[in-house]
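In what follows, a single structure is set out as C-alpha cells and then discussed.
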Amino acid sequence: MTAPLRIPFPVVDEVSRHCVQEEEPETVLIEVHLPGELDAGRLRKAFLEALRRHPRILMREAPGPWYRRRYEWELTDEPDVEAVSFAPPGPGSLRDARGRAMAVAPPLTTSPPIRLEVVPAPGDTESGAGGGADGRAAAPTGTALLLTLNHTALDGPACLRILATAAEIYGGRDNSAAAPPVRPTETPRAESTGTPSPWTPSARVSRGAPDPRPGPRRGNGLLHTELPLPHRPKGSPYTVNDQLMVATALTLAHWNREHGAPARPLRITMPVDDRPRDATMPIGNGTRLVEVPFPLGELDTSDLPGLLRRTALRTRALKALPRPQLGHGANLLTAPWAPVAARAALTRALRRAAAPWMSTTLLSNIGRIPYPLDFGEEAGCAHAVWFSAPARMPRGLTFTLASTAGRLHLAVRWSRALLGHDDGVHLRDLFTHHLHSTEATP
C-alpha cells in the first residue's frame, strides 16, 4: 500500500495553525437556502463525488514529531468520516445548527476538514446563532444547507466551488460559473496624502455588552440579514464593494462615538480573490488580504461622494498591487528555520504584541454568487446564500456579504468576549442605515 501524498502547509494555513484557539474556532460558515427538499441518499452520493472531483479537499493534518520543521497535509483517497448530516426538523433547528458552526470547528485530523449539515424546513432564517429571533419568521418550507469549514485548511470561495459541483451532480443541470463583471484595466494610483501611517495604532471596536456565557467555549455570535442591493448611479466611479466599504467605516465610527472611544484612524481588511471560478479553481486558502485605510477627517457624512471616490481609488490600487497573501512578514515566520512548535510560540507572541496595529475589522464581499446552485426540479436553485468569516479577537467583528437573486445577504459575526446579541442587532441596523446613505449621492 502506497503512503499518502504529503504537501507542506502553505503560508496562510501555517499561520492559522499556529494561532488556533478552541474558545474561538476559525470556522467559515456558508448557508444556502433552497425552496424545495433534498433526498438524503442522493445528496450524500453527490457530495462524495464532488469531493472526489476536487481531491485537494480530501486532506488531514499529517502526524509528526515535535521537532518537525513543517506541518504537512496528508491527501486521502476517500473521506475518513461522513461529511453530510441531517438535523431533525424543529422550531430551533436552524438556530442550533448555526450555533454548532460557531462553536466547534471540523477537526484537522480527519479528512475532509468540512461538514455539511442539512436543515429541512428552516423556520428561523432571521435568528442569530445562540440568540432569539429578531425579525419576521419565515414559513417552514424548503431546505437550508450549512457548510462549515475549518479556515486553517480552506476558504469560503473554494468550498462554494465544491458545493456547486455537488449541485450539478445531484440535479443533473449545468452549474458553471457566470462570467465575472468587466473591470477597468488601468492601474489607478491611490491618494497617499492624509492616509494614516501603518505604524499608527488602528481604532478598535468598542466593547459592548457581551452575553454571559459560562464555560470555555465562547465561540462567535452571528446575525443574518437580507437587504436590497444598494443603488449606484450609472457611470459612477465607484463599485458596490466601495459602497460596502464606506458603510462599514461609517458604521464603526458611529459605534465608537456612541461608546466614547478615542478617535483613531480605521483600517479595514479586505480579502481579494483572483482565482478562476470554473472546475480548475485551486482548492485551499487562496485569497490575499489588503488593508484599506480611513483617516480621521474622512469619517463623516458631509462629503459622501468624495469619500466614495477616494475609497474606490484606494481599493482598486490595493487590488492591483502584487503582494504575498499575508504580507512579507508571514513568509519569514513560516520559513523552516526552527521546529514548528518554536515558530508557533513566536507567532502567537508577535500576534499579541501587534494587536494595537491590527486592522479594526474585516469586510469580506463575496460579490454576486457566480453559480446558480441548481439542485434540480424538486429542490430548486438557491435564493439566498450567506457567508460568515471568523471574528476572533482582537478584531472581534466581521461583516461578510454576498448577493443572490438580486438581494444582498449580510452576515454580522462577533466575538462573544466583545459584544452581545443586542450589540449585533444595533451594528446591523447602523450598517443598513449607512449603506442606504451611500445611495443618496449625486
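Ordering of the C-alpha cells sets the chain letters (A, B, ...), residue numbers begin anew at 1 in every chain, and ligands are numbered from 1 in the order given.
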Tell me, counting only C-alpha atoms, for each residue of segment 19-123 of chain A within 8 Å of segment 341-346 of chain A, which pair of atoms is nearest and how far apart they are in Å to one decimal, in rows ordered by chain and increasing number, as CSV.
```
residue,atom,partner,partner_atom,distance
A:Cys19,CA,A:Ala344,CA,7.3
A:Trp66,CA,A:Ala341,CA,6.6
A:Tyr67,CA,A:Ala341,CA,7.2
```
Any chance you can output those residues with C-alpha atoms as a PDB file, in the first residue's frame?
```
ATOM      1  CA  CYS A  19      -2.869  30.613  16.243  1.00  0.00           C
ATOM      2  CA  TRP A  66       7.583  17.834  17.993  1.00  0.00           C
ATOM      3  CA  TYR A  67      10.843  18.832  16.289  1.00  0.00           C
TER       4      TYR A  67
END
```
Quiz prompt | Polymer residues at most 6 Å from Ser388 of chain A, only C-alpha atoms, same-chain spacing of 3 or more positions, as an NGL selection string | solution = :A and (28-29 or 400 or 411)
Those same residues, written as a compact mmCIF listing (two decimals), in the first residue's frame with N, CA and C atoms?
```
# COMPACT_ATOMS: atom_id res chain seq x y z
N VAL A 28 -15.47 29.04 8.86
CA VAL A 28 -16.24 29.81 7.89
C VAL A 28 -17.54 29.05 7.68
N LEU A 29 -18.64 29.76 7.71
CA LEU A 29 -19.96 29.15 7.52
C LEU A 29 -20.56 29.66 6.21
N THR A 400 -19.62 40.11 6.38
CA THR A 400 -19.45 39.33 5.16
C THR A 400 -20.72 39.45 4.33
N ALA A 411 -23.97 38.96 6.70
CA ALA A 411 -23.71 38.24 7.95
C ALA A 411 -22.85 39.11 8.85
```
Exercise. Write out as number ranges by chain each polymer residue whose atoms come within 6 Å of Arg60 of chain A, counting only C-alpha atoms; drop sequence neighbours fewer than 5 positions from it.
Key: A: 73-74, 108-111
Exercise. Give me the residues within 9 Å of Ser415 of chain A as a PyMOL selection string, counting only C-alpha atoms and dropping any in the same chain fewer than 3 places off.
Key: chain A and resi 24+210+218-221+390-397+418-420
Requested write-out: all heavy atoms of the selected residues, as a compact mmCIF listing (two decimals), in the first residue's frame:
```txt
# COMPACT_ATOMS: atom_id res chain seq x y z
N GLU A 24 -12.43 30.22 20.39
CA GLU A 24 -12.95 30.99 19.27
C GLU A 24 -12.50 30.32 17.97
O GLU A 24 -11.54 30.74 17.34
CB GLU A 24 -12.46 32.44 19.32
CG GLU A 24 -13.12 33.26 20.41
CD GLU A 24 -12.84 34.75 20.26
OE1 GLU A 24 -11.67 35.15 20.39
OE2 GLU A 24 -13.79 35.50 20.01
N PRO A 210 -21.38 42.11 26.32
CA PRO A 210 -21.34 40.68 25.98
C PRO A 210 -22.35 39.87 26.77
O PRO A 210 -22.62 40.17 27.94
CB PRO A 210 -19.90 40.28 26.33
CG PRO A 210 -19.13 41.54 26.40
CD PRO A 210 -20.10 42.60 26.82
N ARG A 218 -16.61 29.93 24.04
CA ARG A 218 -17.49 31.07 23.82
C ARG A 218 -17.97 31.12 22.37
O ARG A 218 -19.10 31.47 22.11
CB ARG A 218 -16.76 32.37 24.17
CG ARG A 218 -16.34 32.46 25.63
CD ARG A 218 -15.78 33.83 25.94
NE ARG A 218 -16.79 34.86 25.83
CZ ARG A 218 -17.59 35.23 26.83
NH1 ARG A 218 -17.50 34.62 27.99
NH2 ARG A 218 -18.47 36.18 26.67
N GLY A 219 -17.09 30.81 21.43
CA GLY A 219 -17.49 30.86 20.03
C GLY A 219 -17.80 32.28 19.59
O GLY A 219 -17.39 33.27 20.20
N ASN A 220 -18.54 32.39 18.51
CA ASN A 220 -18.94 33.68 17.94
C ASN A 220 -20.45 33.80 17.93
O ASN A 220 -21.17 32.80 17.88
CB ASN A 220 -18.44 33.82 16.49
CG ASN A 220 -16.94 34.06 16.38
OD1 ASN A 220 -16.40 33.96 15.29
ND2 ASN A 220 -16.25 34.37 17.46
N GLY A 221 -20.93 35.05 17.98
CA GLY A 221 -22.32 35.33 17.71
C GLY A 221 -22.50 35.62 16.23
O GLY A 221 -21.56 36.01 15.54
N PRO A 390 -14.57 34.37 10.22
CA PRO A 390 -14.28 34.33 11.66
C PRO A 390 -14.14 35.73 12.26
O PRO A 390 -13.73 36.67 11.59
CB PRO A 390 -12.95 33.56 11.74
CG PRO A 390 -12.85 32.82 10.45
CD PRO A 390 -13.56 33.66 9.43
N ALA A 391 -14.47 35.83 13.54
CA ALA A 391 -14.44 37.14 14.23
C ALA A 391 -13.69 37.03 15.54
O ALA A 391 -14.16 37.46 16.59
CB ALA A 391 -15.86 37.65 14.46
N ARG A 392 -12.51 36.45 15.48
CA ARG A 392 -11.72 36.26 16.69
C ARG A 392 -11.13 37.59 17.15
O ARG A 392 -10.86 38.48 16.33
CB ARG A 392 -10.61 35.24 16.40
CG ARG A 392 -9.87 34.75 17.63
CD ARG A 392 -8.99 33.58 17.30
NE ARG A 392 -7.93 33.93 16.36
CZ ARG A 392 -7.08 33.06 15.84
NH1 ARG A 392 -7.20 31.78 16.12
NH2 ARG A 392 -6.13 33.46 15.01
N MET A 393 -10.91 37.72 18.44
CA MET A 393 -10.22 38.88 18.98
C MET A 393 -8.77 38.88 18.46
O MET A 393 -8.21 37.82 18.21
CB MET A 393 -10.25 38.85 20.50
CG MET A 393 -11.65 38.97 21.08
SD MET A 393 -12.38 40.58 20.75
CE MET A 393 -11.50 41.59 21.95
N PRO A 394 -8.12 40.06 18.28
CA PRO A 394 -8.54 41.37 18.78
C PRO A 394 -9.50 42.14 17.86
O PRO A 394 -9.99 43.19 18.26
CB PRO A 394 -7.22 42.12 18.91
CG PRO A 394 -6.35 41.54 17.85
CD PRO A 394 -6.73 40.09 17.77
N ARG A 395 -9.75 41.67 16.61
CA ARG A 395 -10.74 42.39 15.81
C ARG A 395 -12.11 42.24 16.46
O ARG A 395 -12.77 43.21 16.76
CB ARG A 395 -10.78 41.85 14.38
CG ARG A 395 -9.58 42.22 13.53
CD ARG A 395 -9.84 41.88 12.07
NE ARG A 395 -8.64 42.04 11.25
CZ ARG A 395 -7.89 41.04 10.83
NH1 ARG A 395 -8.22 39.80 11.15
NH2 ARG A 395 -6.82 41.26 10.11
N GLY A 396 -12.57 41.02 16.58
CA GLY A 396 -13.81 40.74 17.29
C GLY A 396 -15.08 41.01 16.52
O GLY A 396 -16.17 40.85 17.06
N LEU A 397 -14.99 41.43 15.24
CA LEU A 397 -16.18 41.75 14.47
C LEU A 397 -15.85 41.64 12.99
O LEU A 397 -14.82 42.14 12.54
CB LEU A 397 -16.66 43.17 14.78
CG LEU A 397 -17.85 43.71 13.98
CD1 LEU A 397 -19.13 42.96 14.33
CD2 LEU A 397 -18.03 45.21 14.22
N LEU A 418 -16.54 40.29 23.24
CA LEU A 418 -16.58 41.72 22.97
C LEU A 418 -17.99 42.28 22.90
O LEU A 418 -18.26 43.38 23.39
CB LEU A 418 -15.86 42.00 21.64
CG LEU A 418 -15.78 43.45 21.17
CD1 LEU A 418 -14.85 44.25 22.07
CD2 LEU A 418 -15.31 43.52 19.72
N LEU A 419 -18.91 41.54 22.29
CA LEU A 419 -20.25 42.04 22.01
C LEU A 419 -21.30 41.01 22.37
O LEU A 419 -21.02 39.81 22.47
CB LEU A 419 -20.38 42.39 20.51
CG LEU A 419 -19.38 43.39 19.93
CD1 LEU A 419 -19.45 43.39 18.41
CD2 LEU A 419 -19.63 44.79 20.48
N GLY A 420 -22.52 41.50 22.54
CA GLY A 420 -23.66 40.63 22.77
C GLY A 420 -24.62 40.66 21.60
O GLY A 420 -24.43 41.40 20.63
```
Quiz item: Which residues, written as a list in words, have at least one atom at most 6 Å from Ile169 of chain A, with only C-alpha atoms counted and residues fewer than 3 positions away on the same chain left out?
Solution: Ala46, Ala166 and Gly172 of chain A
Write to file, as a PDB file, in the first residue's frame, the residues of the selection just made, with N, CA and C atoms.
```pdb
ATOM      1  N   ALA A  46     -23.878  12.621  -4.101  1.00  0.00           N
ATOM      2  CA  ALA A  46     -23.425  13.759  -4.908  1.00  0.00           C
ATOM      3  C   ALA A  46     -22.290  14.502  -4.217  1.00  0.00           C
ATOM      4  N   ALA A 166     -21.347  19.631  -6.372  1.00  0.00           N
ATOM      5  CA  ALA A 166     -22.332  18.712  -5.804  1.00  0.00           C
ATOM      6  C   ALA A 166     -23.727  18.992  -6.347  1.00  0.00           C
ATOM      7  N   GLY A 172     -28.245  17.280 -12.017  1.00  0.00           N
ATOM      8  CA  GLY A 172     -28.047  16.989 -13.427  1.00  0.00           C
ATOM      9  C   GLY A 172     -28.136  18.203 -14.324  1.00  0.00           C
TER      10      GLY A 172
END
```
Quiz item: Any idea what the distance is between atom CA of Ala382 of chain A and atom CA of Val32 of chain A?
Solution: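 Taking atom CA of Ala382 of chain A as the start and atom CA of Val32 of chain A as the end point, the length is 6.3 Å.
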Self-check item: Distance query Val84 of chain A at most 7 Å, only C-alpha atoms, self and fewer than 6 positions along chain excluded, as a ChimeraX atom specification
Solution: /A:44,115-117
Quiz item: Quick one: residues within 8 Å of Pro295 of chain A, only C-alpha atoms counted, chain neighbours fewer than 2 positions away excluded, as a list in words?
Solution: Gly194, Thr195, Pro196, Arg264, Pro265, Leu266, Pro293, Gly297, Glu298 and Leu299 of chain A
Practice problem: Quick one: pull the distance between atom CA of Asp39 of chain A and atom CA of Ala121 of chain A, Å, one decimal. | Solution: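 For atom CA of Asp39 of chain A relative to atom CA of Ala121 of chain A, the distance reads 13.3 Å.
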Quiz item: So which one's closest to Ala405 of chain A, A:Ala263, A:Ala247, A:Leu34, A:Leu58? Using only C-alpha atoms, please.
Solution: A:Leu34
Self-check item: d(atom CA of Ala349 of chain A, atom CA of His151 of chain A) in Å
Solution: 20.8 Å
